[in-house]
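Data block for model_2.txt (compact mmCIF, C-alpha atoms):
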```txt
# COMPACT_ATOMS: atom_id res chain seq x y z
CA MET I 1 0.00 0.00 0.00
CA HIS I 2 1.24 3.40 -0.91
CA ARG I 3 1.12 5.93 1.86
CA VAL I 4 0.63 9.56 1.13
CA ARG I 5 1.85 11.87 3.83
CA VAL I 6 -0.22 15.03 3.94
CA ARG I 7 1.79 17.96 5.20
CA VAL I 8 -0.40 20.59 6.79
CA VAL I 9 0.89 24.03 5.93
CA GLU I 10 -0.79 26.05 8.63
CA ASP I 11 -1.14 29.76 8.23
CA ALA I 12 0.48 29.67 4.76
CA LEU I 13 -2.60 30.96 3.02
CA ASP I 14 -3.46 33.54 5.64
CA ALA I 15 -2.92 36.69 3.62
CA ASN I 16 -3.26 38.91 6.65
CA ASN I 17 -0.40 37.21 8.50
CA THR I 18 1.79 37.29 5.39
CA ILE I 19 1.31 41.04 5.07
CA ALA I 20 1.70 41.55 8.83
CA ARG I 21 5.12 39.86 8.62
CA ALA I 22 6.12 42.18 5.76
CA ASN I 23 5.02 45.18 7.84
CA ARG I 24 7.01 43.91 10.80
CA GLU I 25 10.15 43.57 8.68
CA ASP I 26 9.79 47.15 7.46
CA PHE I 27 9.23 48.42 11.00
CA ASP I 28 12.26 46.43 12.25
CA ARG I 29 14.45 47.79 9.46
CA ALA I 30 13.46 51.33 10.46
CA GLY I 31 14.08 50.54 14.14
CA VAL I 32 10.51 51.45 15.05
CA THR I 33 8.62 49.71 17.85
CA VAL I 34 4.94 49.31 16.99
CA VAL I 35 2.16 49.12 19.57
CA ASN I 36 -1.38 48.15 18.53
CA LEU I 37 -3.77 49.98 20.87
CA MET I 38 -7.28 48.54 21.10
CA SER I 39 -10.43 49.19 23.15
CA ALA I 40 -14.19 49.69 23.01
CA PRO I 41 -15.43 53.04 21.68
CA GLY I 42 -14.94 55.79 24.24
CA ALA I 43 -12.57 53.91 26.57
CA GLY I 44 -10.04 56.73 26.26
CA LYS I 45 -7.44 55.69 23.66
CA THR I 46 -6.94 59.17 22.23
CA THR I 47 -6.91 60.96 25.60
CA LEU I 48 -4.34 58.46 26.86
CA LEU I 49 -2.09 59.14 23.86
CA GLU I 50 -2.57 62.92 24.07
CA ARG I 51 -1.26 62.81 27.63
CA ALA I 52 1.41 60.10 27.30
CA LEU I 53 3.20 60.66 24.01
CA PRO I 54 4.51 64.22 24.37
CA GLY I 55 6.42 63.27 27.57
CA LEU I 56 8.29 60.14 26.53
CA ASP I 57 11.75 61.09 27.74
CA GLY I 58 13.63 61.22 24.45
CA VAL I 59 11.59 58.60 22.60
CA ARG I 60 10.01 60.19 19.52
CA ALA I 61 6.55 58.76 18.95
CA GLY I 62 4.08 58.88 16.07
CA VAL I 63 0.51 57.65 15.69
CA LEU I 64 -1.40 55.83 12.98
CA GLU I 65 -4.99 56.70 13.70
CA GLY I 66 -7.62 54.17 12.64
CA ASP I 67 -11.26 55.22 12.33
CA VAL I 68 -14.25 54.24 10.23
CA GLN I 69 -14.39 57.84 9.06
CA GLY I 70 -13.31 61.38 9.93
CA SER I 71 -10.11 62.64 11.54
CA LEU I 72 -11.31 63.94 14.92
CA ASP I 73 -8.78 61.95 16.94
CA ALA I 74 -5.91 62.66 14.54
CA ASP I 75 -6.65 66.38 14.84
CA ARG I 76 -6.48 66.11 18.64
CA LEU I 77 -3.08 64.41 18.48
CA ALA I 78 -1.70 66.83 15.90
CA ALA I 79 -2.66 69.63 18.31
CA VAL I 80 -0.21 68.22 20.89
CA HIS I 81 2.53 68.04 18.20
CA VAL I 82 2.53 64.27 17.75
CA PRO I 83 3.10 63.27 14.10
CA VAL I 84 -0.06 61.46 13.05
CA VAL I 85 -1.40 59.77 9.93
CA GLN I 86 -5.13 59.11 9.54
CA LEU I 87 -6.29 55.74 8.17
CA ASN I 88 -10.02 55.51 7.44
CA THR I 89 -11.61 52.09 6.96
CA GLY I 90 -14.72 53.69 5.46
CA ALA I 91 -13.29 55.11 2.26
CA GLY I 92 -11.44 52.34 0.46
CA PHE I 93 -11.90 49.48 2.88
CA GLY I 94 -15.68 49.05 3.08
CA GLY I 95 -16.29 50.59 6.51
CA GLU I 96 -14.49 47.80 8.35
CA CYS I 97 -14.78 47.63 12.15
CA HIS I 98 -11.06 46.90 12.63
CA LEU I 99 -7.65 47.51 11.09
CA ASP I 100 -5.87 44.70 9.27
CA ALA I 101 -2.31 44.29 8.02
CA ASN I 102 -3.11 45.42 4.49
CA MET I 103 -4.69 48.68 5.65
CA VAL I 104 -1.62 49.42 7.75
CA ARG I 105 0.59 48.51 4.78
CA SER I 106 -1.31 51.02 2.64
CA ALA I 107 -0.34 53.72 5.14
CA LEU I 108 3.37 52.80 5.39
CA ALA I 109 4.57 55.33 2.82
CA ALA I 110 2.80 58.14 4.66
CA LEU I 111 4.40 57.27 8.01
CA PRO I 112 7.51 59.20 9.14
CA LEU I 113 9.33 55.99 10.10
CA ASP I 114 12.79 57.61 9.89
CA ASP I 115 11.83 60.29 12.40
CA ILE I 116 10.34 58.15 15.17
CA GLU I 117 11.27 55.25 17.44
CA LEU I 118 7.74 54.36 18.51
CA LEU I 119 4.56 54.05 16.47
CA VAL I 120 1.23 53.61 18.22
CA VAL I 121 -1.54 52.32 15.99
CA GLU I 122 -4.87 53.41 17.45
CA ASN I 123 -7.27 50.74 16.24
CA VAL I 124 -10.99 51.18 15.53
CA GLY I 125 -13.01 51.16 18.78
CA ASN I 126 -14.30 47.58 19.01
CA LEU I 127 -13.74 44.68 21.43
CA VAL I 128 -14.26 41.87 18.90
CA CYS I 129 -12.61 41.92 15.47
CA PRO I 130 -9.43 43.99 16.07
CA ALA I 131 -8.14 41.11 18.24
CA GLU I 132 -8.29 38.78 15.22
CA PHE I 133 -5.93 40.69 12.92
CA ARG I 134 -2.18 41.06 13.48
CA ILE I 135 -0.84 44.18 11.78
CA GLY I 136 2.91 43.67 12.24
CA GLU I 137 3.05 45.08 15.77
CA ASP I 138 5.58 44.31 18.51
CA ALA I 139 3.01 44.52 21.28
CA ARG I 140 -0.73 44.79 21.77
CA VAL I 141 -2.20 46.98 24.48
CA MET I 142 -5.87 47.18 25.32
CA ILE I 143 -7.78 49.66 27.43
CA SER I 144 -10.77 48.71 29.53
CA SER I 145 -12.64 51.59 31.13
CA VAL I 146 -14.08 50.96 34.59
CA THR I 147 -17.36 52.45 33.32
CA GLU I 148 -17.78 49.40 31.07
CA GLY I 149 -18.27 47.00 33.96
CA GLU I 150 -16.26 44.23 35.59
CA ASP I 151 -17.66 41.45 33.36
CA LYS I 152 -15.87 42.54 30.17
CA PRO I 153 -12.94 40.04 30.28
CA LEU I 154 -15.50 37.21 30.42
CA LYS I 155 -17.57 38.63 27.57
CA TYR I 156 -14.67 39.49 25.22
CA PRO I 157 -11.99 36.95 26.23
CA LEU I 158 -10.22 36.93 22.86
CA MET I 159 -9.48 40.66 23.15
CA PHE I 160 -8.26 40.38 26.75
CA ARG I 161 -6.04 37.42 25.76
CA ALA I 162 -4.66 39.11 22.63
CA CYS I 163 -2.61 41.72 24.48
CA GLU I 164 0.53 42.05 26.55
CA LEU I 165 -0.79 44.93 28.67
CA VAL I 166 -4.26 45.84 29.94
CA ILE I 167 -4.82 49.46 30.95
CA VAL I 168 -7.69 49.91 33.39
CA ASN I 169 -8.69 53.51 32.64
CA LYS I 170 -10.95 56.16 34.22
CA ILE I 171 -10.15 55.04 37.79
CA ASP I 172 -10.99 58.61 38.93
CA LEU I 173 -14.65 57.56 38.46
CA LEU I 174 -14.44 54.53 40.80
CA PRO I 175 -16.08 56.34 43.77
CA HIS I 176 -19.14 57.03 41.58
CA LEU I 177 -19.60 53.54 40.10
CA ASP I 178 -20.77 50.10 41.22
CA PHE I 179 -17.52 48.63 39.88
CA ASP I 180 -15.67 46.00 41.88
CA LEU I 181 -12.02 46.34 40.82
CA ASP I 182 -10.97 43.10 42.55
CA ARG I 183 -13.67 41.21 40.68
CA PHE I 184 -12.55 42.73 37.36
CA LEU I 185 -8.93 41.70 38.05
CA TYR I 186 -10.11 38.23 39.07
CA HIS I 187 -11.93 37.87 35.73
CA LEU I 188 -8.90 39.22 33.85
CA GLU I 189 -6.61 36.69 35.55
CA ALA I 190 -9.11 33.93 34.68
CA VAL I 191 -9.03 34.63 30.94
CA HIS I 192 -5.37 35.73 30.66
CA PRO I 193 -3.30 34.45 33.59
CA GLY I 194 -0.35 36.63 34.48
CA VAL I 195 -1.07 39.46 32.05
CA GLU I 196 0.35 42.81 33.13
CA HIS I 197 -2.09 45.60 34.00
CA LEU I 198 -1.90 49.28 34.95
CA LEU I 199 -4.48 51.34 36.83
CA VAL I 200 -4.75 54.70 35.11
CA SER I 201 -6.75 57.89 34.87
CA ALA I 202 -5.77 59.65 31.66
CA ARG I 203 -7.93 62.55 32.88
CA THR I 204 -6.24 63.16 36.25
CA GLY I 205 -2.84 61.77 35.27
CA GLU I 206 -2.84 59.05 37.94
CA GLY I 207 -0.81 56.05 36.78
CA MET I 208 0.32 57.79 33.58
CA ASP I 209 4.02 57.73 34.52
CA ALA I 210 3.86 53.95 34.73
CA PHE I 211 2.38 53.80 31.22
CA ARG I 212 5.03 56.19 29.85
CA HIS I 213 7.70 54.01 31.46
CA TRP I 214 6.15 50.91 29.83
CA LEU I 215 6.27 52.60 26.39
CA VAL I 216 9.90 53.74 26.83
CA GLN I 217 10.90 50.21 27.90
CA ALA I 218 9.03 48.70 24.93
CA ALA I 219 10.85 51.01 22.54
CA ALA I 220 14.23 50.15 24.13
CA ARG I 221 13.56 46.38 23.96
CA ALA I 222 12.77 46.46 20.27
CA LYS I 223 15.98 48.28 19.45
CA GLU I 224 18.26 45.77 21.16
CA PRO I 225 20.43 43.85 18.65
CA VAL I 226 18.91 40.43 17.98
CA MET D 227 -30.64 47.89 -33.50
CA HIS D 228 -31.95 45.69 -30.78
CA ARG D 229 -32.11 47.29 -27.39
CA VAL D 230 -31.69 45.25 -24.28
CA ARG D 231 -33.23 46.79 -21.26
CA VAL D 232 -31.33 45.82 -18.14
CA ARG D 233 -33.57 45.71 -15.15
CA VAL D 234 -31.68 46.30 -11.95
CA VAL D 235 -33.09 44.11 -9.21
CA GLU D 236 -31.76 45.90 -6.18
CA ASP D 237 -31.55 44.06 -2.91
CA ALA D 238 -32.85 40.86 -4.50
CA LEU D 239 -29.67 38.97 -3.74
CA ASP D 240 -29.22 40.40 -0.29
CA ALA D 241 -29.80 37.24 1.70
CA ASN D 242 -29.84 39.10 4.98
CA ASN D 243 -32.75 41.33 3.97
CA THR D 244 -34.66 38.36 2.57
CA ILE D 245 -34.36 36.52 5.87
CA ALA D 246 -35.09 39.69 7.86
CA ARG D 247 -38.39 40.03 5.97
CA ALA D 248 -39.25 36.42 6.79
CA ASN D 249 -38.50 37.08 10.46
CA ARG D 250 -40.66 40.19 10.39
CA GLU D 251 -43.60 38.26 8.92
CA ASP D 252 -43.32 35.66 11.67
CA PHE D 253 -43.15 38.35 14.35
CA ASP D 254 -46.14 40.16 12.84
CA ARG D 255 -48.15 36.95 12.71
CA ALA D 256 -47.45 36.41 16.41
CA GLY D 257 -48.33 40.04 17.18
CA VAL D 258 -44.91 40.66 18.69
CA THR D 259 -43.15 44.04 18.45
CA VAL D 260 -39.39 43.63 18.03
CA VAL D 261 -36.83 46.18 19.18
CA ASN D 262 -33.18 45.83 18.16
CA LEU D 263 -31.08 47.31 21.00
CA MET D 264 -27.53 48.30 20.08
CA SER D 265 -24.59 50.05 21.77
CA ALA D 266 -20.88 49.92 22.47
CA PRO D 267 -19.70 47.35 25.05
CA GLY D 268 -20.55 48.48 28.57
CA ALA D 269 -22.99 51.26 27.64
CA GLY D 270 -25.64 49.65 29.85
CA LYS D 271 -27.95 47.60 27.60
CA THR D 272 -28.52 44.81 30.12
CA THR D 273 -28.92 47.09 33.15
CA LEU D 274 -31.46 49.16 31.21
CA LEU D 275 -33.48 46.04 30.37
CA GLU D 276 -33.22 44.65 33.93
CA ARG D 277 -34.80 47.86 35.21
CA ALA D 278 -37.30 48.56 32.39
CA LEU D 279 -38.83 45.25 31.38
CA PRO D 280 -40.36 44.01 34.65
CA GLY D 281 -42.46 47.19 34.95
CA LEU D 282 -44.10 47.48 31.55
CA ASP D 283 -47.67 47.97 32.62
CA GLY D 284 -49.29 44.84 31.21
CA VAL D 285 -46.97 44.39 28.23
CA ARG D 286 -45.23 41.04 28.50
CA ALA D 287 -41.66 41.31 27.25
CA GLY D 288 -38.96 38.79 26.36
CA VAL D 289 -35.32 39.15 25.40
CA LEU D 290 -33.10 37.56 22.78
CA GLU D 291 -29.63 38.04 24.17
CA GLY D 292 -26.78 38.30 21.64
CA ASP D 293 -23.19 37.76 22.76
CA VAL D 294 -20.00 36.42 21.26
CA GLN D 295 -19.94 33.84 24.04
CA GLY D 296 -21.28 33.11 27.50
CA SER D 297 -24.66 33.84 29.05
CA LEU D 298 -23.83 36.41 31.75
CA ASP D 299 -26.41 38.95 30.57
CA ALA D 300 -29.08 36.33 29.96
CA ASP D 301 -28.58 35.07 33.52
CA ARG D 302 -29.06 38.61 34.86
CA LEU D 303 -32.33 39.00 32.96
CA ALA D 304 -33.61 35.56 33.95
CA ALA D 305 -33.03 36.62 37.58
CA VAL D 306 -35.62 39.41 37.19
CA HIS D 307 -38.08 36.90 35.68
CA VAL D 308 -37.87 38.09 32.06
CA PRO D 309 -38.08 35.17 29.58
CA VAL D 310 -34.73 35.18 27.79
CA VAL D 311 -33.04 33.13 25.06
CA GLN D 312 -29.26 33.27 24.61
CA LEU D 313 -27.83 33.53 21.08
CA ASN D 314 -24.04 33.16 20.88
CA THR D 315 -22.23 34.25 17.71
CA GLY D 316 -19.08 32.38 18.79
CA ALA D 317 -20.35 28.82 18.63
CA GLY D 318 -21.90 28.25 15.21
CA PHE D 319 -21.48 31.68 13.67
CA GLY D 320 -17.70 32.26 13.67
CA GLY D 321 -17.48 34.72 16.54
CA GLU D 322 -19.27 37.49 14.65
CA CYS D 323 -19.28 40.99 16.12
CA HIS D 324 -22.97 41.54 15.34
CA LEU D 325 -26.28 39.72 14.97
CA ASP D 326 -27.76 39.16 11.52
CA ALA D 327 -31.16 38.02 10.33
CA ASN D 328 -30.16 34.37 9.96
CA MET D 329 -28.83 34.14 13.51
CA VAL D 330 -32.11 35.56 14.80
CA ARG D 331 -34.03 33.13 12.56
CA SER D 332 -32.07 30.24 14.09
CA ALA D 333 -33.40 31.31 17.49
CA LEU D 334 -37.05 31.73 16.46
CA ALA D 335 -38.17 28.27 17.56
CA ALA D 336 -36.71 28.84 21.03
CA LEU D 337 -38.53 32.16 21.50
CA PRO D 338 -41.83 32.19 23.46
CA LEU D 339 -43.56 34.31 20.82
CA ASP D 340 -47.05 33.26 21.89
CA ASP D 341 -46.47 34.45 25.45
CA ILE D 342 -45.09 37.94 24.81
CA GLU D 343 -46.06 41.18 23.06
CA LEU D 344 -42.57 42.71 23.00
CA LEU D 345 -39.22 41.16 22.13
CA VAL D 346 -36.04 43.11 22.75
CA VAL D 347 -33.02 41.77 20.87
CA GLU D 348 -29.88 42.81 22.75
CA ASN D 349 -27.26 42.98 20.02
CA VAL D 350 -23.50 42.36 20.44
CA GLY D 351 -21.76 45.40 21.94
CA ASN D 352 -20.30 47.19 18.90
CA LEU D 353 -20.91 50.58 17.24
CA VAL D 354 -20.03 49.51 13.69
CA CYS D 355 -21.41 46.30 12.17
CA PRO D 356 -24.73 45.79 14.03
CA ALA D 357 -26.03 48.91 12.22
CA GLU D 358 -25.52 47.17 8.86
CA PHE D 359 -27.79 44.16 9.45
CA ARG D 360 -31.57 44.31 9.71
CA ILE D 361 -32.94 41.38 11.70
CA GLY D 362 -36.68 41.83 11.10
CA GLU D 363 -37.19 44.41 13.86
CA ASP D 364 -39.90 47.08 14.10
CA ALA D 365 -37.59 49.64 15.66
CA ARG D 366 -33.92 50.15 16.41
CA VAL D 367 -32.78 51.75 19.65
CA MET D 368 -29.18 52.61 20.49
CA ILE D 369 -27.61 53.57 23.78
CA SER D 370 -24.76 56.04 24.04
CA SER D 371 -23.17 56.37 27.46
CA VAL D 372 -22.00 59.84 28.47
CA THR D 373 -18.71 58.23 29.57
CA GLU D 374 -17.94 57.51 25.90
CA GLY D 375 -17.55 61.17 24.96
CA GLU D 376 -19.54 63.71 22.98
CA ASP D 377 -17.84 62.94 19.65
CA LYS D 378 -19.41 59.51 19.16
CA PRO D 379 -22.21 60.51 16.70
CA LEU D 380 -19.53 61.97 14.40
CA LYS D 381 -17.30 58.89 14.67
CA TYR D 382 -20.02 56.26 14.23
CA PRO D 383 -22.65 58.10 12.13
CA LEU D 384 -24.14 54.96 10.55
CA MET D 385 -25.08 53.63 13.98
CA PHE D 386 -26.59 56.92 15.13
CA ARG D 387 -28.56 57.16 11.86
CA ALA D 388 -29.76 53.56 11.95
CA CYS D 389 -32.08 54.00 14.93
CA GLU D 390 -35.40 55.57 15.83
CA LEU D 391 -34.42 56.33 19.43
CA VAL D 392 -31.13 57.29 21.07
CA ILE D 393 -30.85 56.69 24.82
CA VAL D 394 -28.20 58.85 26.48
CA ASN D 395 -27.33 56.71 29.51
CA LYS D 396 -25.35 57.14 32.77
CA ILE D 397 -26.39 60.78 33.17
CA ASP D 398 -25.83 60.36 36.95
CA LEU D 399 -22.09 60.58 36.11
CA LEU D 400 -22.33 63.96 34.33
CA PRO D 401 -21.04 65.97 37.35
CA HIS D 402 -17.85 63.87 37.30
CA LEU D 403 -17.09 64.03 33.56
CA ASP D 404 -15.85 66.58 31.01
CA PHE D 405 -18.89 65.80 28.87
CA ASP D 406 -20.76 68.63 27.18
CA LEU D 407 -24.32 67.32 26.72
CA ASP D 408 -25.34 70.20 24.43
CA ARG D 409 -22.40 69.46 22.18
CA PHE D 410 -23.34 65.75 22.06
CA LEU D 411 -26.92 66.61 21.12
CA TYR D 412 -25.66 69.08 18.50
CA HIS D 413 -23.54 66.31 16.93
CA LEU D 414 -26.47 63.87 17.12
CA GLU D 415 -28.75 66.35 15.35
CA ALA D 416 -26.06 66.87 12.70
CA VAL D 417 -25.86 63.18 11.75
CA HIS D 418 -29.55 62.27 12.34
CA PRO D 419 -31.77 65.36 12.23
CA GLY D 420 -34.90 65.07 14.33
CA VAL D 421 -34.13 61.72 15.93
CA GLU D 422 -35.82 61.21 19.29
CA HIS D 423 -33.61 60.94 22.37
CA LEU D 424 -34.07 60.21 26.08
CA LEU D 425 -31.76 61.19 28.94
CA VAL D 426 -31.52 58.23 31.31
CA SER D 427 -29.68 56.77 34.25
CA ALA D 428 -30.47 53.07 34.41
CA ARG D 429 -28.59 53.06 37.73
CA THR D 430 -30.58 55.75 39.56
CA GLY D 431 -33.81 55.29 37.59
CA GLU D 432 -33.87 58.85 36.24
CA GLY D 433 -35.66 58.97 32.88
CA MET D 434 -36.61 55.28 33.03
CA ASP D 435 -40.35 55.96 33.07
CA ALA D 436 -40.02 57.74 29.73
CA PHE D 437 -38.24 54.71 28.26
CA ARG D 438 -40.89 52.33 29.65
CA HIS D 439 -43.57 54.56 28.12
CA TRP D 440 -41.74 54.49 24.76
CA LEU D 441 -41.67 50.66 24.84
CA VAL D 442 -45.37 50.38 25.75
CA GLN D 443 -46.26 52.78 22.91
CA ALA D 444 -44.09 50.86 20.44
CA ALA D 445 -45.83 47.60 21.42
CA ALA D 446 -49.29 49.23 21.02
CA ARG D 447 -48.41 50.70 17.59
CA ALA D 448 -47.33 47.36 16.20
CA LYS D 449 -50.57 45.69 17.27
CA GLU D 450 -52.87 48.16 15.53
CA PRO D 451 -54.73 46.58 12.61
CA VAL D 452 -53.02 47.50 9.32
```
Could you take the file, read its structure, and then write that structure out as structure tokens?
Amino acid sequence: MHRVRVRVVEDALDANNTIARANREDFDRAGVTVVNLMSAPGAGKTTLLERALPGLDGVRAGVLEGDVQGSLDADRLAAVHVPVVQLNTGAGFGGECHLDANMVRSALAALPLDDIELLVVENVGNLVCPAEFRIGEDARVMISSVTEGEDKPLKYPLMFRACELVIVNKIDLLPHLDFDLDRFLYHLEAVHPGVEHLLVSARTGEGMDAFRHWLVQAAARAKEPV
Amino acid sequence: MHRVRVRVVEDALDANNTIARANREDFDRAGVTVVNLMSAPGAGKTTLLERALPGLDGVRAGVLEGDVQGSLDADRLAAVHVPVVQLNTGAGFGGECHLDANMVRSALAALPLDDIELLVVENVGNLVCPAEFRIGEDARVMISSVTEGEDKPLKYPLMFRACELVIVNKIDLLPHLDFDLDRFLYHLEAVHPGVEHLLVSARTGEGMDAFRHWLVQAAARAKEPV
């Protein structure tokens, strides 16, 4: 009997991952660390970046701003002198609810990669699909606002697993909410054991130094010789 | 010369709309008004329903609960004695970030249509894709939490246009936020002129009577003879 050995070539036909790898190579060549920042709408991604990026202790940062349409967030970041490129999923990409590697690739030429060491990609506000698409990033960070409730890690586990850092934002509102922080952290640990988290209020500045330190360290790590 | 007249059959191949119409006919036959409730994650859909549905003044209401996975929200609603059916997009539907007409159709047999006059379909928490899929509903309601910021109508215009009622929730937090309600309402009017809105705190109960009244009226309208 003749045996045919079927070799399973996993991932080989996944166009998104192929393009994400090409993005990553371009980012590595330019010495730019890339952070994919994800959250639900209104969790505070833009406010966090407005406050964090101008004070990064020598690390020059830029932003690729993903939105279905408009440039409201990009305008806010430009106002604090952060170089920013707007990427709209509505125009050429069918109004997608997430960024993918090909969209990011389309923006590469517009990015000032030679002038920055850190690029933050602000994804479309959504807790489902952005977690499914790598874009060529070094690290994924997600923000969960305490106003969203302590059950969110259990309801969107893929998102909470698909990141190296969870920022718990808007902690200045804790006295006014029925939000049990210990219970949230217990749920987070259940879906992503050992994941790092930071307690932050982008509004008051509490915890922001720790996030800036995390970004500076991430940029330094990526530039170490392999 | 022979002229060929090309007749454009719009929508004819849109399977979702075809199935949505079939759902709507089944709901109409059962005399059930269907409300599609949409919002970002954590805007307060479930809390709103927990507080509103048990006190509907003779209108018996049920819920079809849409989530990527789990049954946390359905369990909360069952606890306040609202008949509820859980529909997970993760199991058979590829982890979709929205409900569509076929998913709702798959749940029809499990719904107690003969025992209720009002069915609220709690969509997956997402401000993008749920707005693109009709499910056979009579009305679409979306919740925007004041914690999400006053720019949301401009960033997710399709969602804010695709509804007959906008509930502005968590107004008890207004004293603790940099949220300009007038500016939010100005943006809402810009993207969806004339749309009805209600100011609500599901937590404190403020404005909830107006929402209950809206639901009772919607149920009465749908049962009028055509």
* Given only C-alpha atoms as the counted atoms, nearest of D:Arg286, D:Arg360, D:Arg438, D:Lys381 to Gly90 in chain I -> D:Lys381
* To do: Could you give me, as a PyMOL selection string, the residues within 10 Å of Leu325 in chain D, counting all atoms listed in the file and dropping anything in the same chain fewer than 6 positions from it?
  => chain D and resi 262+291-294+313-315+319+347-350+355-361
Write a file of the just-selected residues containing C-alpha atoms, as a compact mmCIF listing (two decimals), keeping the file's coordinate frame.
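To be explicit, this is the file written out as again_5.txt:
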```
# COMPACT_ATOMS: atom_id res chain seq x y z
CA ASN D 262 -33.18 45.83 18.16
CA GLU D 291 -29.63 38.04 24.17
CA GLY D 292 -26.78 38.30 21.64
CA ASP D 293 -23.19 37.76 22.76
CA VAL D 294 -20.00 36.42 21.26
CA LEU D 313 -27.83 33.53 21.08
CA ASN D 314 -24.04 33.16 20.88
CA THR D 315 -22.23 34.25 17.71
CA PHE D 319 -21.48 31.68 13.67
CA VAL D 347 -33.02 41.77 20.87
CA GLU D 348 -29.88 42.81 22.75
CA ASN D 349 -27.26 42.98 20.02
CA VAL D 350 -23.50 42.36 20.44
CA CYS D 355 -21.41 46.30 12.17
CA PRO D 356 -24.73 45.79 14.03
CA ALA D 357 -26.03 48.91 12.22
CA GLU D 358 -25.52 47.17 8.86
CA PHE D 359 -27.79 44.16 9.45
CA ARG D 360 -31.57 44.31 9.71
CA ILE D 361 -32.94 41.38 11.70
```
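Atom pair CA of Met329 in chain D / CA of Met38 in chain I has a distance of 27.0 Å (rounded to one decimal).
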* Just need the residues of chain I within 8 Å of chain D, counting all atoms listed in the file, so spit them out as a PyMOL selection string. => chain I and resi 40-44+67-70+72+96-97+126-129+147-149+152+154-156+173+176
* 10 Å contact set for Glu415 in chain D, all atoms listed in the file, chain neighbours under 6 positions out, as a ChimeraX atom specification -> /D:379,386-387,409,421-422
So which residues touch range 139-141 of chain I within 6 Å, counting all atoms listed in the file, skipping near sequence neighbours fewer than 4 positions away, as a compact mmCIF listing (two decimals) with C-alpha atoms, keeping the file's coordinate frame?
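And here is the file that came out, out_22.txt:
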```txt
# COMPACT_ATOMS: atom_id res chain seq x y z
CA VAL I 35 2.16 49.12 19.57
CA ASN I 36 -1.38 48.15 18.53
CA LEU I 37 -3.77 49.98 20.87
CA CYS I 163 -2.61 41.72 24.48
CA GLU I 164 0.53 42.05 26.55
CA LEU I 165 -0.79 44.93 28.67
CA VAL I 166 -4.26 45.84 29.94
```
* Which residues, written as a PyMOL selection string, have at least one atom at most 10 Å from Ala52 in chain I, with all atoms listed in the file counted and residues fewer than 5 positions away on the same chain left out? -> chain I and resi 46-47+61+202+205+208-213+215
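CA of Ala445 in chain D to CA of Thr259 in chain D spans 5.4 Å [interatomic distance, one decimal].
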* Neighbourhood query: residues within 6 Å of (-29.9, 57.1, 25.7), file coordinates, counting all atoms listed in the file; return as JSON, numbers by chain. => {"D": [369, 370, 392, 393, 394, 395, 424, 425, 426]}
* Which distance in Å separates CA of Gly55 in chain I and CA of Pro112 in chain I, to one decimal? -> 18.9 Å
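You can rank D:Glu276, D:Glu343, D:Glu432, D:Asp406 by their closest distance to Ala444 in chain D using all atoms listed in the file, and at the top of that list sits D:Glu343.
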* Of the candidates D:Ala241, D:Ala248, D:Val285, D:Val308, which one gets nearest to Glu363 in chain D if we count only C-alpha atoms? -> D:Ala248
* To do: Enumerate, as a PyMOL selection string, the protein, DNA and RNA residues whose atoms approach (5.8, 68.7, 20.9) to within 10 Å, taking into account only C-alpha atoms and the coordinate frame of the file.
  => chain I and resi 53-55+60+78-83
* Quick one: everything within 12 Å of Asp340 in chain D, counting all atoms listed in the file, minus sequence neighbours fewer than 5 positions away in the same chain. Send it as a PyMOL selection string. => chain D and resi 252-259+286-288+309+334-335+345
* Closest to Leu303 in chain D among D:Ile397, D:Ala446, D:Leu414, D:Leu274, using only C-alpha atoms? -> D:Leu274
Take range 24-31 of chain I, model N, CA and C atoms, and hand the result over as a PDB file, in the coordinates of the input.
```pdb
ATOM      1  N   ARG I  24       6.094  44.039   9.666  1.00  0.00           N
ATOM      2  CA  ARG I  24       7.010  43.910  10.800  1.00  0.00           C
ATOM      3  C   ARG I  24       8.462  44.052  10.341  1.00  0.00           C
ATOM      4  N   GLU I  25       8.775  43.454   9.197  1.00  0.00           N
ATOM      5  CA  GLU I  25      10.150  43.570   8.680  1.00  0.00           C
ATOM      6  C   GLU I  25      10.493  45.018   8.359  1.00  0.00           C
ATOM      7  N   ASP I  26       9.543  45.736   7.779  1.00  0.00           N
ATOM      8  CA  ASP I  26       9.790  47.150   7.460  1.00  0.00           C
ATOM      9  C   ASP I  26       9.952  47.977   8.736  1.00  0.00           C
ATOM     10  N   PHE I  27       9.124  47.684   9.720  1.00  0.00           N
ATOM     11  CA  PHE I  27       9.230  48.420  11.000  1.00  0.00           C
ATOM     12  C   PHE I  27      10.581  48.106  11.662  1.00  0.00           C
ATOM     13  N   ASP I  28      10.983  46.815  11.629  1.00  0.00           N
ATOM     14  CA  ASP I  28      12.260  46.430  12.250  1.00  0.00           C
ATOM     15  C   ASP I  28      13.428  47.125  11.555  1.00  0.00           C
ATOM     16  N   ARG I  29      13.378  47.159  10.221  1.00  0.00           N
ATOM     17  CA  ARG I  29      14.450  47.790   9.460  1.00  0.00           C
ATOM     18  C   ARG I  29      14.585  49.265   9.842  1.00  0.00           C
ATOM     19  N   ALA I  30      13.453  49.912  10.099  1.00  0.00           N
ATOM     20  CA  ALA I  30      13.460  51.330  10.460  1.00  0.00           C
ATOM     21  C   ALA I  30      13.746  51.539  11.945  1.00  0.00           C
ATOM     22  N   GLY I  31      13.836  50.423  12.708  1.00  0.00           N
ATOM     23  CA  GLY I  31      14.080  50.540  14.140  1.00  0.00           C
ATOM     24  C   GLY I  31      12.917  51.144  14.910  1.00  0.00           C
TER      25      GLY I  31
END
```
